[in-house]
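Chemist: One structure, pasted below without further comment.
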Amino acid sequence: MPHAAPSIATLRSGLDSGDEYDRPTRCLDVHGLNAAREDLNTAAFILQKEKEWNRKTVVEEKTSSQLFPSLFTMTTQTNSTNNPNLSNPTTPTNSTIVHNNEFQLITINTFAQAPIKLTSNNYISWKLQFQTLFIGYDLLGYIDESKLCPPATILTDHSIIPNLACHIWIRQDQLILNALIRSLSPTLIPFVARSTTSQEAWTILANTYAKPSRGRIKQVKALFKKSTKGNLNIIDFLQLVKAHADELAILGAPIDEEDLTKNIIDELEDDYKELVLAIQARDNSISFDELHEKLLTFEASLQGIIKKSTHFPVTMNPTHRTSTN
């Protein structure tokens with residue numbers, strides 16, 4: 001009875017030892033010789049392809065690691081309870097991917113992190129909220145041009161390939177531009193409608209609202225003088241006046257602090273008359289911060305008096321009835 005043809009593993013073992021024909025033929029009879037030769041050729045072909053594939057993989061990994069080293073330092077952190085064999089006690093146990101900050105995209109939640117929408121008279125406050133975010137997230141370079149877009153392609157030894165860093169830069173810049181647009185009041189969006197980068201939009205807004213111009217200074221001064229308390233509570237009124245004063249300072253036309261406090265005092269109602277008289281009787285002028293504190297305290301005491309008065313019991317005058325005998 002003829003012997004069965006040897007397996008590919010057996011043939012590969014023979015090839016590795018350099019004995020390509022002797023070992024397989026020892027276990028074959030005449031009837032299995034043709035089948036053995038076919039298997040031998042197949043095994044040799046497989047070995048050759050494996051060697052070519054291994055060489056290609058090594059070259060590709062070496063090239064990729066040189067171009068994008070941060071992608072090859074990527075580590076996956078898994079929950080130790082679900083994957084006890086893969087957990088690392090020195091890393092967090094949440095299922096996240098951690099890699100180089102250079103390739104992380106940051107999205108700004110304007111609703112929570114930049115709630116102040118830009119209008120024609122609050123540029124300084126609007127700018128401040130974004131500057132702190134940009135510094136905290138290391139994004140300031142996108143708007144001050146200290147972090148320019150990398151080249152779109154990279155020249156290697158054999159070819160030109162797309163630059164991943166450029167792709168990441170564009171995506172991050174568009175996320176910043178989107179946050180700026182979402183923080184504008186609807187009437188201001190047309191000003192930046194043609195901006196293609198966050199830096200372009202930022203510069204347009206700065207040129208429009210931050211650079212001093214006689215017309216803009218006159219406009220803000222008029223708003224400052226027309227600031228009235230009306231039905232506003234004391235906090236909102238103080239914030240309104242201070243916003244105009246701060247904007248004038250940015251425009252290069254600061255308001256003297258004494259004029260600032262005088263403008264506030266002149267707009268107070270008769271309910272604040274007692275406090276106003278005490279301030280006017282001082283030998284030295286009061287600062288805005290001190291006036292702010294005194295007004296808040298005084299308003300709180302006024303509200304306490306009003307609450308007390310509403311809780312007095314209502315009494316009726318008794319009607320005396322005379323008895324007749």
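By convention here, the chains of the structure tokens are called A, B, ... in the order presented, each chain's residues are numbered starting at 1, and ligands are numbered starting at 1 in the order presented.
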Which polymer residues have any atom within 12 Å of an atom of Leu180 (chain A), counting only C-alpha atoms, with same-chain residues fewer than 3 positions away left out, as number ranges by chain?
Modeler: A: 107-111, 113-118, 126-127, 129-131, 133-134, 143, 173-177, 183-185, 188-189, 191-193, 195, 197-205
Chemist: Output N, CA and C atoms of each residue in that selection to a file, as a compact mmCIF listing (two decimals), in the first residue's frame.
Modeler:
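So part.txt came out as:
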# COMPACT_ATOMS: atom_id res chain seq x y z
N THR A 107 -11.84 69.95 21.01
CA THR A 107 -13.08 70.64 20.68
C THR A 107 -13.48 71.53 21.85
N ILE A 108 -13.76 72.79 21.58
CA ILE A 108 -14.17 73.74 22.62
C ILE A 108 -15.69 73.73 22.73
N ASN A 109 -16.18 73.48 23.91
CA ASN A 109 -17.62 73.53 24.17
C ASN A 109 -17.99 74.97 24.50
N THR A 110 -18.43 75.73 23.50
CA THR A 110 -18.70 77.15 23.71
C THR A 110 -19.84 77.38 24.70
N PHE A 111 -20.78 76.45 24.75
CA PHE A 111 -21.91 76.61 25.67
C PHE A 111 -21.42 76.64 27.12
N GLN A 113 -17.80 76.57 28.07
CA GLN A 113 -16.48 77.16 28.27
C GLN A 113 -16.36 78.59 27.75
N ALA A 114 -17.19 78.97 26.79
CA ALA A 114 -17.15 80.33 26.24
C ALA A 114 -18.58 80.84 26.05
N PRO A 115 -19.30 81.05 27.15
CA PRO A 115 -20.72 81.40 27.05
C PRO A 115 -21.00 82.82 26.58
N ILE A 116 -19.99 83.71 26.64
CA ILE A 116 -20.21 85.11 26.25
C ILE A 116 -20.17 85.22 24.73
N LYS A 117 -21.28 85.62 24.13
CA LYS A 117 -21.32 85.83 22.68
C LYS A 117 -20.87 87.25 22.37
N LEU A 118 -20.06 87.38 21.34
CA LEU A 118 -19.53 88.69 20.97
C LEU A 118 -20.62 89.59 20.42
N TRP A 126 -15.28 88.99 25.76
CA TRP A 126 -15.31 87.87 24.81
C TRP A 126 -13.90 87.38 24.51
N LYS A 127 -12.98 88.31 24.28
CA LYS A 127 -11.60 87.95 23.96
C LYS A 127 -10.94 87.24 25.13
N GLN A 129 -12.21 85.31 27.49
CA GLN A 129 -12.62 83.92 27.69
C GLN A 129 -11.93 82.98 26.70
N PHE A 130 -11.69 83.45 25.48
CA PHE A 130 -11.02 82.61 24.49
C PHE A 130 -9.51 82.57 24.71
N GLN A 131 -8.92 83.67 25.10
CA GLN A 131 -7.47 83.67 25.34
C GLN A 131 -7.09 82.68 26.44
N LEU A 133 -8.71 79.99 27.28
CA LEU A 133 -8.88 78.63 26.75
C LEU A 133 -7.73 78.26 25.80
N PHE A 134 -7.36 79.18 24.94
CA PHE A 134 -6.28 78.90 23.99
C PHE A 134 -4.96 78.65 24.71
N ILE A 143 -3.83 81.17 16.39
CA ILE A 143 -4.38 82.50 16.11
C ILE A 143 -3.32 83.59 16.11
N ASP A 173 -7.52 73.50 13.35
CA ASP A 173 -7.78 74.90 13.04
C ASP A 173 -9.25 75.12 12.71
N GLN A 174 -9.86 74.20 11.99
CA GLN A 174 -11.28 74.33 11.65
C GLN A 174 -12.17 74.18 12.88
N LEU A 175 -11.76 73.36 13.83
CA LEU A 175 -12.52 73.25 15.08
C LEU A 175 -12.46 74.56 15.87
N ILE A 176 -11.31 75.23 15.86
CA ILE A 176 -11.19 76.53 16.54
C ILE A 176 -12.05 77.57 15.82
N LEU A 177 -12.00 77.58 14.49
CA LEU A 177 -12.81 78.52 13.71
C LEU A 177 -14.29 78.30 13.99
N SER A 183 -19.55 81.54 18.79
CA SER A 183 -19.57 82.49 19.90
C SER A 183 -19.95 83.90 19.45
N LEU A 184 -20.31 84.07 18.19
CA LEU A 184 -20.69 85.38 17.68
C LEU A 184 -22.21 85.54 17.70
N SER A 185 -22.65 86.76 17.94
CA SER A 185 -24.07 87.03 17.78
C SER A 185 -24.39 86.98 16.28
N LEU A 188 -23.05 89.44 13.62
CA LEU A 188 -21.61 89.58 13.40
C LEU A 188 -21.02 88.46 12.55
N ILE A 189 -21.76 87.39 12.34
CA ILE A 189 -21.24 86.25 11.58
C ILE A 189 -20.83 86.64 10.16
N PHE A 191 -19.26 89.09 9.13
CA PHE A 191 -17.93 89.69 9.14
C PHE A 191 -16.83 88.64 8.89
N VAL A 192 -17.06 87.42 9.34
CA VAL A 192 -16.03 86.37 9.22
C VAL A 192 -16.46 85.26 8.27
N ALA A 193 -17.49 85.51 7.48
CA ALA A 193 -18.04 84.45 6.62
C ALA A 193 -17.03 83.94 5.60
N SER A 195 -13.71 83.85 6.08
CA SER A 195 -12.47 83.40 6.74
C SER A 195 -12.29 81.91 6.54
N THR A 197 -9.44 80.34 7.96
CA THR A 197 -8.69 79.86 9.12
C THR A 197 -9.14 80.62 10.36
N SER A 198 -8.83 80.06 11.51
CA SER A 198 -9.18 80.72 12.77
C SER A 198 -8.42 82.03 12.93
N GLN A 199 -7.18 82.07 12.43
CA GLN A 199 -6.39 83.29 12.55
C GLN A 199 -7.00 84.43 11.74
N GLU A 200 -7.54 84.13 10.57
CA GLU A 200 -8.19 85.16 9.75
C GLU A 200 -9.40 85.74 10.48
N ALA A 201 -10.24 84.87 11.03
CA ALA A 201 -11.43 85.34 11.74
C ALA A 201 -11.05 86.15 12.97
N TRP A 202 -10.07 85.66 13.72
CA TRP A 202 -9.62 86.36 14.94
C TRP A 202 -9.10 87.76 14.60
N THR A 203 -8.34 87.89 13.52
CA THR A 203 -7.77 89.17 13.12
C THR A 203 -8.86 90.15 12.67
N ILE A 204 -9.84 89.65 11.93
CA ILE A 204 -10.94 90.51 11.48
C ILE A 204 -11.69 91.08 12.67
N LEU A 205 -11.99 90.25 13.63
CA LEU A 205 -12.73 90.70 14.82
C LEU A 205 -11.90 91.69 15.63
Chemist: Using only C-alpha atoms, which protein or nucleic acid residues come within 9 Å of Ile124 (chain A)? Drop anything in the same chain fewer than 5 positions from it, and give the result as a list in words.
Modeler: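 Returned residues: Gln129, Tyr209, Ala210, Ala243, Asp246, Glu247 and Ile250 of chain A.
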Chemist: Go through region 178-222 of chain A and collect every residue that DSSP, computed from the backbone, puts in helix (DSSP H, G or I); the answer should be as a PyMOL selection string.
Modeler: chain A and resi 178-182+186-192+198-209+214-222
Chemist: Would you mind exporting N, CA and C atoms of the selected residues as a JSON list (two decimals), in the first residue's frame?
Modeler:
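File written: selection_36.json
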[["chain", "number", "residue", "atom", "x", "y", "z"],
["A", 178, "ASN", "N", -14.69, 77.05, 14.08],
["A", 178, "ASN", "CA", -16.09, 76.74, 14.38],
["A", 178, "ASN", "C", -16.50, 77.28, 15.75],
["A", 179, "ALA", "N", -15.61, 77.16, 16.74],
["A", 179, "ALA", "CA", -15.91, 77.68, 18.08],
["A", 179, "ALA", "C", -16.05, 79.20, 18.05],
["A", 180, "LEU", "N", -15.19, 79.88, 17.30],
["A", 180, "LEU", "CA", -15.28, 81.34, 17.19],
["A", 180, "LEU", "C", -16.61, 81.76, 16.56],
["A", 181, "ILE", "N", -17.00, 81.07, 15.50],
["A", 181, "ILE", "CA", -18.25, 81.41, 14.81],
["A", 181, "ILE", "C", -19.44, 81.19, 15.73],
["A", 182, "ARG", "N", -19.43, 80.09, 16.48],
["A", 182, "ARG", "CA", -20.54, 79.80, 17.39],
["A", 182, "ARG", "C", -20.63, 80.79, 18.55],
["A", 186, "PRO", "N", -25.62, 86.62, 15.91],
["A", 186, "PRO", "CA", -25.94, 86.40, 14.48],
["A", 186, "PRO", "C", -25.59, 87.57, 13.57],
["A", 187, "THR", "N", -25.69, 88.80, 14.07],
["A", 187, "THR", "CA", -25.42, 89.96, 13.21],
["A", 187, "THR", "C", -23.94, 90.11, 12.87],
["A", 188, "LEU", "N", -23.05, 89.44, 13.62],
["A", 188, "LEU", "CA", -21.61, 89.58, 13.40],
["A", 188, "LEU", "C", -21.02, 88.46, 12.55],
["A", 189, "ILE", "N", -21.76, 87.39, 12.34],
["A", 189, "ILE", "CA", -21.24, 86.25, 11.58],
["A", 189, "ILE", "C", -20.83, 86.64, 10.16],
["A", 190, "PRO", "N", -21.58, 87.51, 9.45],
["A", 190, "PRO", "CA", -21.14, 87.89, 8.10],
["A", 190, "PRO", "C", -19.74, 88.50, 8.04],
["A", 191, "PHE", "N", -19.26, 89.09, 9.13],
["A", 191, "PHE", "CA", -17.93, 89.69, 9.14],
["A", 191, "PHE", "C", -16.83, 88.64, 8.89],
["A", 192, "VAL", "N", -17.06, 87.42, 9.34],
["A", 192, "VAL", "CA", -16.03, 86.37, 9.22],
["A", 192, "VAL", "C", -16.46, 85.26, 8.27],
["A", 198, "SER", "N", -8.83, 80.06, 11.51],
["A", 198, "SER", "CA", -9.18, 80.72, 12.77],
["A", 198, "SER", "C", -8.42, 82.03, 12.93],
["A", 199, "GLN", "N", -7.18, 82.07, 12.43],
["A", 199, "GLN", "CA", -6.39, 83.29, 12.55],
["A", 199, "GLN", "C", -7.00, 84.43, 11.74],
["A", 200, "GLU", "N", -7.54, 84.13, 10.57],
["A", 200, "GLU", "CA", -8.19, 85.16, 9.75],
["A", 200, "GLU", "C", -9.40, 85.74, 10.48],
["A", 201, "ALA", "N", -10.24, 84.87, 11.03],
["A", 201, "ALA", "CA", -11.43, 85.34, 11.74],
["A", 201, "ALA", "C", -11.05, 86.15, 12.97],
["A", 202, "TRP", "N", -10.07, 85.66, 13.72],
["A", 202, "TRP", "CA", -9.62, 86.36, 14.94],
["A", 202, "TRP", "C", -9.10, 87.76, 14.60],
["A", 203, "THR", "N", -8.34, 87.89, 13.52],
["A", 203, "THR", "CA", -7.77, 89.17, 13.12],
["A", 203, "THR", "C", -8.86, 90.15, 12.67],
["A", 204, "ILE", "N", -9.84, 89.65, 11.93],
["A", 204, "ILE", "CA", -10.94, 90.51, 11.48],
["A", 204, "ILE", "C", -11.69, 91.08, 12.67],
["A", 205, "LEU", "N", -11.99, 90.25, 13.63],
["A", 205, "LEU", "CA", -12.73, 90.70, 14.82],
["A", 205, "LEU", "C", -11.90, 91.69, 15.63],
["A", 206, "ALA", "N", -10.60, 91.43, 15.74],
["A", 206, "ALA", "CA", -9.72, 92.34, 16.48],
["A", 206, "ALA", "C", -9.64, 93.70, 15.78],
["A", 207, "ASN", "N", -9.51, 93.68, 14.46],
["A", 207, "ASN", "CA", -9.43, 94.95, 13.72],
["A", 207, "ASN", "C", -10.73, 95.74, 13.80],
["A", 208, "THR", "N", -11.84, 95.02, 13.92],
["A", 208, "THR", "CA", -13.14, 95.69, 13.94],
["A", 208, "THR", "C", -13.46, 96.27, 15.31],
["A", 209, "TYR", "N", -13.12, 95.54, 16.38],
["A", 209, "TYR", "CA", -13.58, 95.95, 17.71],
["A", 209, "TYR", "C", -12.47, 96.33, 18.68],
["A", 214, "ARG", "N", -11.78, 106.85, 16.15],
["A", 214, "ARG", "CA", -12.52, 107.96, 16.76],
["A", 214, "ARG", "C", -14.01, 107.66, 16.80],
["A", 215, "GLY", "N", -14.51, 107.07, 15.72],
["A", 215, "GLY", "CA", -15.93, 106.77, 15.68],
["A", 215, "GLY", "C", -16.33, 105.77, 16.74],
["A", 216, "ARG", "N", -15.51, 104.72, 16.90],
["A", 216, "ARG", "CA", -15.82, 103.69, 17.90],
["A", 216, "ARG", "C", -15.70, 104.25, 19.31],
["A", 217, "ILE", "N", -14.69, 105.07, 19.56],
["A", 217, "ILE", "CA", -14.51, 105.66, 20.89],
["A", 217, "ILE", "C", -15.71, 106.54, 21.25],
["A", 218, "LYS", "N", -16.16, 107.33, 20.30],
["A", 218, "LYS", "CA", -17.33, 108.19, 20.55],
["A", 218, "LYS", "C", -18.57, 107.34, 20.86],
["A", 219, "GLN", "N", -18.71, 106.26, 20.13],
["A", 219, "GLN", "CA", -19.87, 105.38, 20.32],
["A", 219, "GLN", "C", -19.87, 104.78, 21.73],
["A", 220, "VAL", "N", -18.72, 104.28, 22.17],
["A", 220, "VAL", "CA", -18.64, 103.65, 23.50],
["A", 220, "VAL", "C", -18.78, 104.69, 24.61],
["A", 221, "LYS", "N", -18.23, 105.86, 24.41],
["A", 221, "LYS", "CA", -18.40, 106.93, 25.41],
["A", 221, "LYS", "C", -19.86, 107.30, 25.57],
["A", 222, "ALA", "N", -20.58, 107.35, 24.47],
["A", 222, "ALA", "CA", -22.01, 107.65, 24.53],
["A", 222, "ALA", "C", -22.76, 106.56, 25.29]]
Chemist: Would you mind telling me which residue in A:Leu238, A:Asp259, A:Lys273, A:Gln303 lies nearest to Ser285 (chain A) when using only C-alpha atoms?
Modeler: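 Using only C-alpha atoms, the shortest distance to Ser285 (chain A) belongs to A:Asp259.
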Chemist: What is the CA of Ile106 (chain A)-CA of Ala165 (chain A) distance in Å, reported with one decimal?
Modeler: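 Value for the CA of Ile106 (chain A)-CA of Ala165 (chain A) distance: 14.8 Å.
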